[in-house]
Every structure is written in structure tokens, then in C-alpha cells.
Amino acid sequence: LVTDPDNIKPLSELEKETLFLDDIRDINCYIIKGFEEGSYIVYVYHELKYVNIKTTYPKLDKFYLVTDKSGSFKIFTSEMDETLKAFYDGSDQDKKVMELIEETNNKAKEALDKDEDLRIYLEALNR
């Protein structure tokens with residue numbers, strides 16, 4: 001599923017992040033053509049629902065997908081050269097992407113302001 005398994009979060013860190021994760025909701029993808037033919041930048045909006053916490057937490061993740069030799073998609077986790085990195089980072093300046101980032105940030109702030117239990121949990125998780 002990834003181009004370089006050595007460049008992903010360790011399993012222990014993923015287990016810590018998902019220990020009290022109950023559900024992932026409202027998954028929506030926004031896709032932009034990538035730098036090369038058969039590649040794409042994918043912004044994935046989703047809301048995390050944690051155990052015993054009422055409010056979901058909106059997040060936006062970003063992935064670079066490439067097509068491998070067999071025609072399957074893989075998440076690019078290899079080292080990006082300067083040109084690809086500039087293109088990848090520059091995609092955040094797309095008007096629709098900027099709106100999506102702003103909307104997600106506003107929803108996340110609203111969720112944290114509304115639910116103290118969510119805020120306390122995420123602060124503890126990020127320590």
C-alpha cells in the first residue's frame with residue numbers, strides 16, 4: 001500500500017493514536033492531478049469519534065498517490081525530490097484546497113470549543 005514501509009509511523013504510535021477511536025465518519029476525498037502521469041494528491045476529510053466523547057473531531061489528511069508497475073495505487077512514502085516536494089506543498093495554495101483547509105480548521109476549533117472532554121483528550125494524546 002506504500003512505496004517505502006520504512007517511512008511510515010511505527011505500529012506502536014498508530015496503536016496509541018487509535019486506542020480509544022470508536023469510528024471514522026464523513027469521509028470525503030478531494031483529488032488533484034499529481035506531478036506525473038498516474039499520480040494524484042488526495043485530501044481526505046474525516047471526522048474522528050472517540051469512545052465516551054460526544055463530539056467528533058474533524059481532520060484533513062493529505063496523501064500523494066502513485067501508480068505502480070502493476071497499475072495499483074500506492075501511497076508515496078519515499079523521499080520526495082525538490083521538484084516534487086515543491087509541487088506537493090504548492091497544492092495547498094489551490095483555491096478549493098485552501099477553502100477545505102480553512103473549513104476543516106474552523107470545524108475543529110468549533111468542536112474543541114464546544115466539548116471540553118474532546119479538548120482534554122486530544123491534549124493528552126498529543127503529549
# chains A, B, ... in the order shown; residues from 1 in each chain; ligands from 1
call {"tool": "residues_around", "arguments": {"residues": "Ile41 (chain A)", "least_positions_apart": "5", "cutoff": "6 Å", "atoms": "only C-alpha atoms", "output": "PDB file with N, CA, C and O atoms, in the first residue's frame"}}
result
ATOM      1  N   ILE A  31      -9.530  15.328  -4.890  1.00  0.00           N
ATOM      2  CA  ILE A  31      -8.399  14.800  -5.647  1.00  0.00           C
ATOM      3  C   ILE A  31      -7.902  15.818  -6.661  1.00  0.00           C
ATOM      4  O   ILE A  31      -8.695  16.421  -7.393  1.00  0.00           O
ATOM      5  N   ILE A  32      -6.578  15.976  -6.703  1.00  0.00           N
ATOM      6  CA  ILE A  32      -5.913  16.858  -7.664  1.00  0.00           C
ATOM      7  C   ILE A  32      -4.924  16.010  -8.457  1.00  0.00           C
ATOM      8  O   ILE A  32      -4.275  15.121  -7.895  1.00  0.00           O
ATOM      9  N   GLY A  34      -1.595  14.772  -9.961  1.00  0.00           N
ATOM     10  CA  GLY A  34      -0.249  14.856  -9.417  1.00  0.00           C
ATOM     11  C   GLY A  34       0.747  15.406 -10.414  1.00  0.00           C
ATOM     12  O   GLY A  34       0.402  15.806 -11.536  1.00  0.00           O
ATOM     13  N   PHE A  63      -2.391  12.934   1.015  1.00  0.00           N
ATOM     14  CA  PHE A  63      -1.581  11.816   0.520  1.00  0.00           C
ATOM     15  C   PHE A  63      -1.187  12.060  -0.931  1.00  0.00           C
ATOM     16  O   PHE A  63      -1.924  12.687  -1.685  1.00  0.00           O
ATOM     17  N   TYR A  64      -0.031  11.529  -1.294  1.00  0.00           N
ATOM     18  CA  TYR A  64       0.387  11.532  -2.692  1.00  0.00           C
ATOM     19  C   TYR A  64       0.293  10.102  -3.178  1.00  0.00           C
ATOM     20  O   TYR A  64       0.941   9.208  -2.629  1.00  0.00           O
TER      21      TYR A  64
END
call {"tool": "residues_around", "arguments": {"residues": "Tyr30 (chain A)", "least_positions_apart": "3", "cutoff": "12 Å", "atoms": "only C-alpha atoms", "output": "list in words"}}
result
Ile27, Lys33, Tyr40, Ile41, Val42, Tyr43, Val44, Tyr45, His46, Leu60, Asp61, Lys62, Phe63, Tyr64, Ser91, Asp92, Asp94, Lys96, Val97, Met98, Glu99, Leu100 and Ile101 of chain A
call {"tool": "residues_around", "arguments": {"residues": "Pro58 (chain A)", "least_positions_apart": "5", "cutoff": "10 Å", "atoms": "only C-alpha atoms", "output": "MDAnalysis selection string"}}
result
chainID A and resid 24:27 45:49 103:112
call {"tool": "write_last_selection", "arguments": {"atoms": "C-alpha atoms", "output": "compact mmCIF listing (two decimals), in the first residue's frame"}}
result
# COMPACT_ATOMS: atom_id res chain seq x y z
CA ILE A 24 -14.24 7.38 11.48
CA ARG A 25 -17.14 9.25 9.89
CA ASP A 26 -17.99 11.54 6.98
CA ILE A 27 -15.04 10.55 4.81
CA TYR A 45 -11.60 14.96 5.16
CA HIS A 46 -12.91 12.80 8.00
CA GLU A 47 -14.29 13.08 11.49
CA LEU A 48 -12.90 11.01 14.36
CA LYS A 49 -15.30 9.71 17.01
CA GLU A 103 -13.33 24.91 6.74
CA THR A 104 -11.70 21.94 8.48
CA ASN A 105 -9.72 24.19 10.83
CA ASN A 106 -12.88 26.15 11.71
CA LYS A 107 -14.85 22.96 12.39
CA ALA A 108 -12.01 21.56 14.53
CA LYS A 109 -11.80 24.77 16.58
CA GLU A 110 -15.57 24.78 17.00
CA ALA A 111 -15.52 21.14 18.17
CA LEU A 112 -12.76 21.86 20.71
call {"tool": "select_by_dssp", "arguments": {"residues": "chain A", "states": "strand (DSSP E)", "output": "VMD selection string"}}
result
chain A and resid 21 to 33 40 to 50 57 to 67 73 to 75
call {"tool": "residues_around", "arguments": {"residues": "Leu19 (chain A)", "least_positions_apart": "4", "cutoff": "12 Å", "atoms": "only C-alpha atoms", "output": "list in words"}}
result
Leu11, Ser12, Glu13, Leu14, Glu15, Asp23, Lys49, Tyr50, Val51, Tyr121 and Leu125 of chain A
call {"tool": "atom_distance", "arguments": {"atom1": "CA of Ile8 (chain A)", "atom2": "CA of Phe87 (chain A)"}}
result
21.0 Å
call {"tool": "closest_residue", "arguments": {"among": "A:Asp113, A:Arg119, A:Asn28, A:Thr3", "to": "Lys69 (chain A)", "atoms": "only C-alpha atoms"}}
result
A:Thr3
call {"tool": "select_by_dssp", "arguments": {"residues": "chain A", "states": "helix (DSSP H, G or I)", "output": "mmCIF file with N, CA and C atoms, in the first residue's frame"}}
result
data_model
loop_
_atom_site.group_PDB
_atom_site.id
_atom_site.type_symbol
_atom_site.label_atom_id
_atom_site.label_comp_id
_atom_site.auth_asym_id
_atom_site.auth_seq_id
_atom_site.Cartn_x
_atom_site.Cartn_y
_atom_site.Cartn_z
ATOM 1 N N PRO A 5 7.842 1.231 3.179
ATOM 2 C CA PRO A 5 7.299 0.922 4.508
ATOM 3 C C PRO A 5 8.154 1.451 5.669
ATOM 4 N N ASP A 6 9.423 1.724 5.421
ATOM 5 C CA ASP A 6 10.291 2.250 6.484
ATOM 6 C C ASP A 6 9.978 3.704 6.833
ATOM 7 N N ASN A 7 9.219 4.379 5.983
ATOM 8 C CA ASN A 7 8.916 5.796 6.196
ATOM 9 C C ASN A 7 7.484 6.042 6.654
ATOM 10 N N LEU A 11 4.053 1.018 14.318
ATOM 11 C CA LEU A 11 2.795 0.428 14.751
ATOM 12 C C LEU A 11 2.433 0.852 16.170
ATOM 13 N N SER A 12 3.419 0.960 17.048
ATOM 14 C CA SER A 12 3.146 1.348 18.439
ATOM 15 C C SER A 12 2.532 2.747 18.511
ATOM 16 N N GLU A 13 2.978 3.645 17.652
ATOM 17 C CA GLU A 13 2.427 5.005 17.629
ATOM 18 C C GLU A 13 1.004 5.003 17.071
ATOM 19 N N LEU A 14 0.760 4.215 16.035
ATOM 20 C CA LEU A 14 -0.587 4.107 15.472
ATOM 21 C C LEU A 14 -1.553 3.493 16.483
ATOM 22 N N GLU A 15 -1.089 2.492 17.229
ATOM 23 C CA GLU A 15 -1.937 1.879 18.253
ATOM 24 C C GLU A 15 -2.302 2.895 19.330
ATOM 25 N N LYS A 16 -1.345 3.733 19.722
ATOM 26 C CA LYS A 16 -1.609 4.762 20.735
ATOM 27 C C LYS A 16 -2.657 5.752 20.224
ATOM 28 N N GLU A 17 -2.517 6.179 18.974
ATOM 29 C CA GLU A 17 -3.440 7.157 18.396
ATOM 30 C C GLU A 17 -4.852 6.613 18.240
ATOM 31 N N THR A 18 -4.984 5.314 18.061
ATOM 32 C CA THR A 18 -6.295 4.736 17.768
ATOM 33 C C THR A 18 -6.882 3.932 18.921
ATOM 34 N N GLU A 82 13.258 17.756 -4.745
ATOM 35 C CA GLU A 82 12.855 19.154 -4.539
ATOM 36 C C GLU A 82 11.698 19.571 -5.438
ATOM 37 N N THR A 83 11.701 19.123 -6.668
ATOM 38 C CA THR A 83 10.651 19.500 -7.609
ATOM 39 C C THR A 83 9.301 18.928 -7.181
ATOM 40 N N LEU A 84 9.287 17.641 -6.841
ATOM 41 C CA LEU A 84 8.046 17.013 -6.406
ATOM 42 C C LEU A 84 7.562 17.622 -5.095
ATOM 43 N N LYS A 85 8.472 17.866 -4.163
ATOM 44 C CA LYS A 85 8.108 18.458 -2.866
ATOM 45 C C LYS A 85 7.478 19.834 -3.073
ATOM 46 N N ALA A 86 8.061 20.643 -3.957
ATOM 47 C CA ALA A 86 7.521 21.978 -4.238
ATOM 48 C C ALA A 86 6.107 21.867 -4.831
ATOM 49 N N PHE A 87 5.909 20.925 -5.740
ATOM 50 C CA PHE A 87 4.583 20.720 -6.339
ATOM 51 C C PHE A 87 3.585 20.268 -5.282
ATOM 52 N N TYR A 88 3.994 19.294 -4.461
ATOM 53 C CA TYR A 88 3.137 18.731 -3.410
ATOM 54 C C TYR A 88 2.746 19.809 -2.408
ATOM 55 N N ASP A 89 3.711 20.565 -1.927
ATOM 56 C CA ASP A 89 3.434 21.634 -0.965
ATOM 57 C C ASP A 89 2.606 22.753 -1.607
ATOM 58 N N GLY A 90 2.890 23.037 -2.871
ATOM 59 C CA GLY A 90 2.184 24.097 -3.576
ATOM 60 C C GLY A 90 0.715 23.806 -3.808
ATOM 61 N N SER A 91 0.339 22.537 -3.762
ATOM 62 C CA SER A 91 -1.070 22.184 -3.991
ATOM 63 C C SER A 91 -1.976 22.763 -2.899
ATOM 64 N N ASP A 92 -1.408 23.077 -1.738
ATOM 65 C CA ASP A 92 -2.198 23.694 -0.669
ATOM 66 C C ASP A 92 -2.675 25.099 -1.038
ATOM 67 N N GLN A 93 -2.094 25.679 -2.077
ATOM 68 C CA GLN A 93 -2.473 27.021 -2.497
ATOM 69 C C GLN A 93 -3.625 27.019 -3.501
ATOM 70 N N LYS A 95 -7.245 27.098 -4.763
ATOM 71 C CA LYS A 95 -8.351 27.812 -4.122
ATOM 72 C C LYS A 95 -9.291 26.872 -3.359
ATOM 73 N N LYS A 96 -9.691 25.787 -3.986
ATOM 74 C CA LYS A 96 -10.605 24.845 -3.323
ATOM 75 C C LYS A 96 -9.934 24.167 -2.128
ATOM 76 N N VAL A 97 -8.660 23.863 -2.245
ATOM 77 C CA VAL A 97 -7.926 23.246 -1.133
ATOM 78 C C VAL A 97 -7.829 24.230 0.030
ATOM 79 N N MET A 98 -7.543 25.478 -0.262
ATOM 80 C CA MET A 98 -7.461 26.489 0.794
ATOM 81 C C MET A 98 -8.803 26.606 1.524
ATOM 82 N N GLU A 99 -9.890 26.554 0.779
ATOM 83 C CA GLU A 99 -11.225 26.596 1.400
ATOM 84 C C GLU A 99 -11.460 25.358 2.272
ATOM 85 N N LEU A 100 -11.037 24.205 1.786
ATOM 86 C CA LEU A 100 -11.195 22.957 2.533
ATOM 87 C C LEU A 100 -10.372 22.978 3.827
ATOM 88 N N ILE A 101 -9.148 23.469 3.748
ATOM 89 C CA ILE A 101 -8.283 23.579 4.928
ATOM 90 C C ILE A 101 -8.911 24.530 5.942
ATOM 91 N N GLU A 102 -9.361 25.688 5.474
ATOM 92 C CA GLU A 102 -9.969 26.679 6.370
ATOM 93 C C GLU A 102 -11.251 26.128 7.017
ATOM 94 N N GLU A 103 -12.086 25.484 6.219
ATOM 95 C CA GLU A 103 -13.329 24.913 6.741
ATOM 96 C C GLU A 103 -13.040 23.834 7.793
ATOM 97 N N THR A 104 -12.063 22.986 7.522
ATOM 98 C CA THR A 104 -11.700 21.937 8.478
ATOM 99 C C THR A 104 -11.156 22.538 9.763
ATOM 100 N N ASN A 105 -10.276 23.530 9.643
ATOM 101 C CA ASN A 105 -9.724 24.187 10.831
ATOM 102 C C ASN A 105 -10.810 24.856 11.666
ATOM 103 N N ASN A 106 -11.769 25.501 10.993
ATOM 104 C CA ASN A 106 -12.875 26.146 11.708
ATOM 105 C C ASN A 106 -13.742 25.114 12.430
ATOM 106 N N LYS A 107 -14.039 24.005 11.754
ATOM 107 C CA LYS A 107 -14.849 22.957 12.385
ATOM 108 C C LYS A 107 -14.107 22.332 13.576
ATOM 109 N N ALA A 108 -12.802 22.146 13.436
ATOM 110 C CA ALA A 108 -12.011 21.565 14.530
ATOM 111 C C ALA A 108 -11.993 22.502 15.728
ATOM 112 N N LYS A 109 -11.799 23.797 15.480
ATOM 113 C CA LYS A 109 -11.801 24.774 16.575
ATOM 114 C C LYS A 109 -13.162 24.798 17.258
ATOM 115 N N GLU A 110 -14.212 24.783 16.457
ATOM 116 C CA GLU A 110 -15.572 24.782 16.996
ATOM 117 C C GLU A 110 -15.816 23.532 17.863
ATOM 118 N N ALA A 111 -15.344 22.385 17.411
ATOM 119 C CA ALA A 111 -15.516 21.145 18.172
ATOM 120 C C ALA A 111 -14.776 21.210 19.503
ATOM 121 N N LEU A 112 -13.553 21.746 19.478
ATOM 122 C CA LEU A 112 -12.762 21.859 20.708
ATOM 123 C C LEU A 112 -13.362 22.873 21.676
ATOM 124 N N ASP A 113 -13.884 23.974 21.131
ATOM 125 C CA ASP A 113 -14.526 24.991 21.980
ATOM 126 C C ASP A 113 -15.813 24.453 22.608
ATOM 127 N N LYS A 114 -16.508 23.597 21.883
ATOM 128 C CA LYS A 114 -17.808 23.083 22.311
ATOM 129 C C LYS A 114 -17.685 21.938 23.329
ATOM 130 N N GLU A 116 -15.269 20.165 26.041
ATOM 131 C CA GLU A 116 -14.055 20.179 26.865
ATOM 132 C C GLU A 116 -13.441 18.788 26.981
ATOM 133 N N ASP A 117 -14.270 17.749 27.015
ATOM 134 C CA ASP A 117 -13.749 16.380 27.102
ATOM 135 C C ASP A 117 -12.900 16.047 25.874
ATOM 136 N N LEU A 118 -13.355 16.468 24.713
ATOM 137 C CA LEU A 118 -12.597 16.256 23.483
ATOM 138 C C LEU A 118 -11.266 16.996 23.536
ATOM 139 N N ARG A 119 -11.310 18.249 23.960
ATOM 140 C CA ARG A 119 -10.087 19.052 24.040
ATOM 141 C C ARG A 119 -9.077 18.415 24.995
ATOM 142 N N ILE A 120 -9.533 18.011 26.169
ATOM 143 C CA ILE A 120 -8.645 17.410 27.167
ATOM 144 C C ILE A 120 -8.056 16.095 26.635
ATOM 145 N N TYR A 121 -8.880 15.279 25.989
ATOM 146 C CA TYR A 121 -8.406 14.015 25.445
ATOM 147 C C TYR A 121 -7.326 14.243 24.391
ATOM 148 N N LEU A 122 -7.586 15.160 23.458
ATOM 149 C CA LEU A 122 -6.608 15.397 22.375
ATOM 150 C C LEU A 122 -5.321 16.017 22.927
ATOM 151 N N GLU A 123 -5.421 16.879 23.926
ATOM 152 C CA GLU A 123 -4.212 17.439 24.540
ATOM 153 C C GLU A 123 -3.376 16.327 25.172
ATOM 154 N N ALA A 124 -4.043 15.395 25.851
ATOM 155 C CA ALA A 124 -3.325 14.272 26.479
ATOM 156 C C ALA A 124 -2.714 13.357 25.419
ATOM 157 N N LEU A 125 -3.427 13.129 24.344
ATOM 158 C CA LEU A 125 -2.939 12.273 23.268
ATOM 159 C C LEU A 125 -1.694 12.860 22.606
#
call {"tool": "atom_distance", "arguments": {"atom1": "CA of Lys9 (chain A)", "atom2": "CA of Thr55 (chain A)"}}
result
26.1 Å
call {"tool": "atom_distance", "arguments": {"atom1": "CA of Glu37 (chain A)", "atom2": "CA of Asp4 (chain A)"}}
result
19.9 Å
call {"tool": "closest_residue", "arguments": {"among": "A:Pro10, A:Gly71, A:Phe76, A:Cys29", "to": "Lys59 (chain A)", "atoms": "only C-alpha atoms"}}
result
A:Cys29
call {"tool": "residues_around", "arguments": {"residues": "Val66 (chain A)", "least_positions_apart": "6", "cutoff": "7 Å", "atoms": "only C-alpha atoms", "output": "compact mmCIF listing (two decimals) with N, CA and C atoms, in the first residue's frame"}}
result
# COMPACT_ATOMS: atom_id res chain seq x y z
N GLY A 38 -0.50 9.52 -13.85
CA GLY A 38 -0.87 8.42 -12.98
C GLY A 38 -0.66 8.68 -11.50
N SER A 39 -0.41 9.95 -11.16
CA SER A 39 -0.25 10.29 -9.74
C SER A 39 -1.30 11.34 -9.36
N TYR A 40 -1.62 11.36 -8.06
CA TYR A 40 -2.68 12.25 -7.58
C TYR A 40 -2.34 12.72 -6.17
N PHE A 73 -2.60 1.57 -7.10
CA PHE A 73 -2.21 2.79 -6.42
C PHE A 73 -1.46 2.47 -5.14
N LYS A 74 -0.46 3.28 -4.86
CA LYS A 74 0.28 3.19 -3.61
C LYS A 74 0.44 4.60 -3.05
N ILE A 75 0.44 4.70 -1.73
CA ILE A 75 0.72 5.98 -1.08
C ILE A 75 2.23 6.19 -1.14
N PHE A 76 2.63 7.32 -1.66
CA PHE A 76 4.05 7.63 -1.83
C PHE A 76 4.63 8.02 -0.47
